[in-house]
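Okay, run-v9.txt now, which holds compact mmCIF, C-alpha atoms:
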```txt
# COMPACT_ATOMS: atom_id res chain seq x y z
CA MET J 55 225.33 187.76 254.54
CA ASP J 56 224.46 189.56 257.80
CA GLU J 57 221.54 191.95 258.40
CA LYS J 58 223.77 195.02 258.19
CA THR J 59 225.00 193.95 254.77
CA GLU J 60 221.44 193.34 253.58
CA ASP J 61 220.46 196.85 254.74
CA THR J 62 223.38 198.27 252.77
CA TYR J 63 222.20 196.49 249.62
CA THR J 64 218.63 197.68 250.14
CA LYS J 65 219.68 201.32 250.54
CA LEU J 66 221.91 201.16 247.50
CA PHE J 67 219.31 199.60 245.26
CA THR J 68 216.48 201.89 246.35
CA GLN J 69 218.56 205.07 246.54
CA PRO J 70 221.49 204.73 244.09
CA SER J 71 224.12 207.42 244.45
CA PRO J 72 225.24 209.04 241.15
CA ASP J 73 228.73 209.69 242.50
CA ARG J 74 229.18 206.09 243.70
CA PRO J 75 227.47 203.88 241.13
CA PHE J 76 227.51 200.18 241.89
CA ARG J 77 230.00 200.39 244.76
CA PHE J 78 229.54 197.62 247.32
CA GLU J 79 231.18 196.54 250.54
CA THR J 80 231.36 193.03 251.96
CA LYS J 81 232.92 192.02 255.24
CA ARG J 82 236.46 192.11 253.85
CA PHE J 83 236.29 193.74 250.44
CA ILE J 84 235.19 196.70 248.38
CA VAL J 85 233.69 195.80 245.01
CA ARG J 86 233.40 198.54 242.38
CA PRO J 87 233.68 198.93 238.58
CA MET J 88 237.23 198.72 237.28
CA ARG J 89 238.75 201.91 235.88
CA PRO J 90 241.63 202.19 233.41
CA ALA J 91 243.74 203.66 236.22
CA ASP J 92 243.25 200.43 238.21
CA VAL J 93 245.09 198.35 235.63
CA ASN J 94 248.45 197.38 237.05
CA ALA J 95 251.05 194.69 236.45
CA ARG J 96 249.21 192.33 238.77
CA TYR J 97 245.93 192.66 236.86
CA VAL J 98 247.69 192.02 233.55
CA SER J 99 249.51 189.02 235.02
CA TRP J 100 246.22 187.21 235.73
CA TRP J 101 245.45 187.15 232.01
CA ASN J 102 248.89 185.80 231.23
CA ASP J 103 249.21 183.25 234.03
CA GLU J 104 248.89 179.66 232.83
CA GLU J 105 247.36 178.21 236.00
CA THR J 106 244.90 181.07 236.44
CA GLN J 107 243.64 180.79 232.87
CA LEU J 108 243.47 177.02 233.09
CA GLY J 109 240.43 177.35 235.37
CA ASN J 110 238.58 179.01 232.49
CA ASN J 111 239.94 176.50 229.98
CA ARG J 112 242.03 179.15 228.26
CA LYS J 113 245.66 179.44 227.34
CA PRO J 114 247.74 182.37 228.65
CA GLN J 115 246.65 185.47 226.73
CA SER J 116 249.96 187.36 226.37
CA TRP J 117 248.17 190.62 227.16
CA THR J 118 249.84 194.01 227.48
CA HIS J 119 248.76 196.91 229.67
CA GLU J 120 247.07 198.52 226.66
CA ARG J 121 245.13 195.34 225.86
CA ALA J 122 243.90 195.13 229.44
CA VAL J 123 242.68 198.74 229.38
CA LYS J 124 240.85 198.04 226.11
CA HIS J 125 239.13 195.08 227.77
CA ILE J 126 237.86 197.27 230.62
CA HIS J 127 236.43 199.78 228.14
CA TRP J 128 234.30 197.02 226.59
CA PHE J 129 232.03 196.94 229.66
CA ASP J 130 229.33 199.60 229.88
CA ASN J 131 228.64 198.91 233.58
CA LYS J 132 224.95 199.19 232.79
CA ASN J 133 224.19 195.74 231.42
CA ASN J 134 227.65 194.19 231.43
CA PHE J 135 229.87 194.86 234.42
CA HIS J 136 233.56 194.46 235.24
CA PHE J 137 234.26 194.83 238.95
CA GLY J 138 237.54 195.03 240.79
CA ILE J 139 237.87 193.31 244.17
CA PHE J 140 239.80 195.48 246.63
CA VAL J 141 240.88 194.69 250.19
CA LYS J 142 239.19 197.18 252.50
CA GLU J 143 242.17 198.06 254.67
CA SER J 144 244.94 198.20 252.07
CA LYS J 145 242.85 199.03 248.94
CA GLU J 146 244.88 196.28 247.23
CA LEU J 147 243.40 194.89 244.01
CA ILE J 148 243.24 191.11 244.48
CA GLY J 149 240.90 190.03 241.68
CA PHE J 150 238.05 190.91 239.37
CA MET J 151 234.53 189.78 238.50
CA SER J 152 232.43 190.14 235.37
CA LEU J 153 228.64 190.11 235.29
CA LEU J 154 226.87 189.67 231.95
CA THR J 155 223.11 190.18 231.75
CA ASN J 156 220.73 189.44 228.90
CA LYS J 157 217.53 191.50 228.95
CA GLU J 158 215.72 189.25 226.48
CA SER J 159 216.27 186.01 228.34
CA ALA J 160 216.60 187.70 231.78
CA ILE J 161 219.55 185.44 232.53
CA ALA J 162 222.80 186.52 234.17
CA LYS J 163 226.26 184.92 234.05
CA SER J 164 229.46 185.74 235.87
CA ASN J 165 233.15 185.06 236.07
CA VAL J 166 235.53 185.54 238.99
CA VAL J 167 239.33 185.62 238.87
CA LEU J 168 241.50 185.93 241.98
CA ASP J 169 245.17 186.38 242.63
CA ARG J 170 246.73 183.06 243.61
CA SER J 171 247.56 184.39 247.08
CA TYR J 172 243.80 184.53 247.79
CA TRP J 173 242.86 181.09 246.50
CA GLY J 174 241.26 178.91 249.15
CA LYS J 175 240.33 181.85 251.40
CA ASN J 176 236.56 181.77 250.80
CA VAL J 177 236.65 184.97 248.77
CA VAL J 178 234.42 183.91 245.87
CA PRO J 179 231.19 183.22 247.82
CA GLU J 180 231.62 186.52 249.68
CA VAL J 181 232.05 188.69 246.60
CA ARG J 182 229.83 186.78 244.15
CA ALA J 183 226.94 187.49 246.53
CA VAL J 184 227.25 191.09 245.31
CA LEU J 185 226.69 189.97 241.72
CA VAL J 186 223.72 187.80 242.66
CA GLU J 187 222.08 190.68 244.54
CA LEU J 188 222.73 193.06 241.67
CA ALA J 189 221.41 190.64 239.06
CA PHE J 190 218.20 189.82 240.90
CA LYS J 191 217.31 193.06 242.65
CA ARG J 192 218.55 195.77 240.32
CA MET J 193 218.74 194.07 236.93
CA LYS J 194 215.59 191.99 237.50
CA MET J 195 217.11 188.80 236.16
CA VAL J 196 215.09 185.63 236.71
CA LYS J 197 217.98 183.19 236.62
CA PHE J 198 221.69 183.23 237.42
CA LYS J 199 223.73 180.67 235.48
CA GLY J 200 227.19 179.28 235.94
CA LEU J 201 229.17 177.11 233.51
CA VAL J 202 232.17 175.32 234.97
CA ILE J 203 234.81 173.11 233.42
CA GLY J 204 234.60 169.78 235.22
CA ARG J 205 238.22 169.88 236.28
CA ASN J 206 237.77 173.20 238.06
CA TYR J 207 236.86 171.68 241.42
CA PRO J 208 237.15 174.91 243.47
CA SER J 209 234.58 176.63 241.23
CA ILE J 210 232.18 173.70 241.54
CA PHE J 211 232.55 173.86 245.31
CA ASN J 212 231.90 177.62 245.35
CA TYR J 213 228.68 177.33 243.35
CA LEU J 214 227.39 174.56 245.62
CA THR J 215 228.36 176.55 248.70
CA MET J 216 226.20 179.46 247.50
CA GLY J 217 223.16 177.26 246.94
CA PHE J 218 223.34 176.87 243.17
CA THR J 219 221.83 173.68 241.75
CA CYS J 220 223.69 171.58 239.23
CA GLU J 221 221.17 171.25 236.40
CA GLY J 222 223.23 168.83 234.40
CA VAL J 223 226.62 167.77 233.09
CA GLN J 224 227.67 167.69 229.45
CA ARG J 225 230.22 164.92 229.34
CA SER J 226 233.43 165.40 227.37
CA ASP J 227 231.85 168.51 225.92
CA VAL J 228 234.91 170.65 225.17
CA PRO J 229 238.59 170.17 224.39
CA PHE J 230 240.66 170.85 227.51
CA VAL J 231 243.69 173.11 227.11
CA GLY J 232 245.62 170.83 229.45
CA GLY J 233 244.97 167.87 227.17
CA GLY J 234 242.07 165.54 226.45
CA ARG J 235 238.46 166.64 226.88
CA ALA J 236 236.50 168.04 229.79
CA ASP J 237 232.96 167.88 231.15
CA VAL J 238 230.95 171.10 231.52
CA TYR J 239 228.80 171.54 234.63
CA HIS J 240 225.68 173.74 234.42
CA PHE J 241 224.69 175.53 237.63
CA ALA J 242 221.68 177.76 238.25
CA LEU J 243 220.13 179.86 240.99
CA PHE J 244 216.70 181.54 241.08
CA PRO J 245 215.65 184.65 243.06
CA GLU J 246 213.34 182.76 245.42
CA GLU J 247 216.10 180.25 246.19
CA TRP J 248 218.55 183.05 246.95
CA GLU J 249 216.10 184.85 249.25
CA ALA J 250 215.32 181.62 251.09
CA ARG J 251 219.03 180.95 251.57
CA LYS J 252 219.61 184.45 252.95
CA LYS J 253 216.76 184.07 255.44
CA LYS J 254 218.08 180.69 256.53
CA GLY J 255 221.55 182.19 256.99
CA SER J 256 220.21 185.13 259.02
CA ALA J 257 218.20 182.80 261.24
CA ALA J 258 221.24 180.60 261.87
CA GLN J 259 223.34 183.66 262.68
CA ARG J 260 220.78 184.96 265.19
CA LYS J 261 220.64 181.52 266.82
CA THR J 262 224.43 181.38 267.08
CA SER J 263 224.52 184.91 268.46
CA GLY J 264 221.95 183.98 271.10
CA VAL J 265 223.99 180.97 272.21
CA SER J 266 227.13 183.12 272.45
CA LYS J 267 225.35 185.68 274.64
CA LYS J 268 224.07 182.97 276.99
CA LYS J 269 227.59 181.57 277.40
CA ALA J 270 228.93 185.06 278.11
```
Taking this structure as input, can you express it in the form of structure tokens?
Amino acid sequence: MDEKTEDTYTKLFTQPSPDRPFRFETKRFIVRPMRPADVNARYVSWWNDEETQLGNNRKPQSWTHERAVKHIHWFDNKNNFHFGIFVKESKELIGFMSLLTNKESAIAKSNVVLDRSYWGKNVVPEVRAVLVELAFKRMKMVKFKGLVIGRNYPSIFNYLTMGFTCEGVQRSDVPFVGGGRADVYHFALFPEEWEARKKKGSAAQRKTSGVSKKKA
């Protein structure tokens, strides 16, 4: 996350705009709450795609357009959020994220689903950073949790990439829809860890920038 992006977060959190609630921009994407009008065939297909749902240990849902719209209406976008991930240039919807917060425990959880064409393109760390910032700075959560099916190696990699700590593994904890049983990995991140990681990233970026200028 660069300094410009951090400034954008700070301005948004300290001076929220009523006409643009919870709208964020990353380097490549716009992240904002999903609207019923955003539901298209592609969005519905993610719920019904076997390989996509396998990552969440679910079977294809056989959803219709109406069922997808109903799902979006469940989120109040005050405590529980459902964000669309849109490409900046084309405004193409390429995935969605959910953020669930619990005021009593002050713990947040999330889920990210991407179109297959964007798998392996380092999208998740970029856009999940929005959820982490929102959870810690605006929602005042004290912990961000992630539960991952052991066979979902890309998700495990993404959590580790963002600085989450694996707190433990429950072995053979759940039946796996693909057959047999699966481990469940428990990841967690705390506000102070996130802030330290951002500072470390900014310092590394400034160092790299300085080297580039010297070479030029």
**Q.** Atom-to-atom span, atom CA of Pro87 of chain J and atom CA of Leu154 of chain J, Å
**A.**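 Going from atom CA of Pro87 of chain J over to atom CA of Leu154 of chain J, I get 13.3 Å.
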Q.
Env of segment 132-148 of chain J: 8 Å cut, atoms = all atoms listed in the file, seq-sep filter 6 positions within chain, self excluded. Answer as a PyMOL selection string.
A. chain J and resi 82-88+97+126+154-156+168-169+172+181+193
Q | Non-local contacts of segment 234-236 of chain J (8 Å; all atoms listed in the file; under 2 positions in same chain excluded) as a ChimeraX atom specification | A | /J:203-205,225-232,238
For the residues in that selection, give me C-alpha atoms as a CSV table (one decimal), in the coordinates of the input.
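Result saved to selection.csv:
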```
chain,number,residue,atom,x,y,z
J,203,ILE,CA,234.8,173.1,233.4
J,204,GLY,CA,234.6,169.8,235.2
J,205,ARG,CA,238.2,169.9,236.3
J,225,ARG,CA,230.2,164.9,229.3
J,226,SER,CA,233.4,165.4,227.4
J,227,ASP,CA,231.8,168.5,225.9
J,228,VAL,CA,234.9,170.6,225.2
J,229,PRO,CA,238.6,170.2,224.4
J,230,PHE,CA,240.7,170.8,227.5
J,231,VAL,CA,243.7,173.1,227.1
J,232,GLY,CA,245.6,170.8,229.4
J,238,VAL,CA,231.0,171.1,231.5
```
Q | Separation of atom CA of Lys124 of chain J from atom CA of Lys197 of chain J in Å | A |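 Distance reported for this atom pair: 29.2 Å.
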Q. What is the atom CA of Glu180 of chain J-atom CA of Thr80 of chain J distance in Å, reported with one decimal?
A. 6.9 Å
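Using only C-alpha atoms, the nearest neighbour of Lys252 of chain J within the list J:Gly217, J:Glu120, J:Val93, J:Leu108 is J:Gly217.
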Residue neighbourhood Trp101 of chain J, 8 Å, only C-alpha atoms, exclusion window fewer than 5 positions, as a compact mmCIF listing (two decimals) with C-alpha atoms, in the coordinates of the input:
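Now in selection_15.txt:
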```
# COMPACT_ATOMS: atom_id res chain seq x y z
CA THR J 106 244.90 181.07 236.44
CA GLN J 107 243.64 180.79 232.87
CA PRO J 114 247.74 182.37 228.65
CA GLN J 115 246.65 185.47 226.73
CA SER J 116 249.96 187.36 226.37
CA TRP J 117 248.17 190.62 227.16
```
Q.
Which residues are near Pro179 of chain J? Cut-off 8 Å, all atoms listed in the file, ignore same chain within fewer than 5 positions. Put them as an MDAnalysis selection string.
A. chainID J and resid 212:213 215:216
(Q) Need the shell around Glu249 of chain J: protein/DNA/RNA residues with any atom at most 12 Å away, counting only C-alpha atoms. Skip same-chain ones fewer than 4 positions apart. Format as a list in words? (A)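 That gives Met55, Glu60, Ala183, Val186, Glu187, Phe190, Lys191, Met216, Gly217, Leu243, Phe244, Pro245, Lys253, Lys254, Gly255 and Ser256 of chain J.
Of the residues listed (J:Phe150, J:Glu104, J:Leu214, J:Ala162), J:Ala162 shows the shortest atom-to-atom separation from Leu188 of chain J; distances use only C-alpha atoms.
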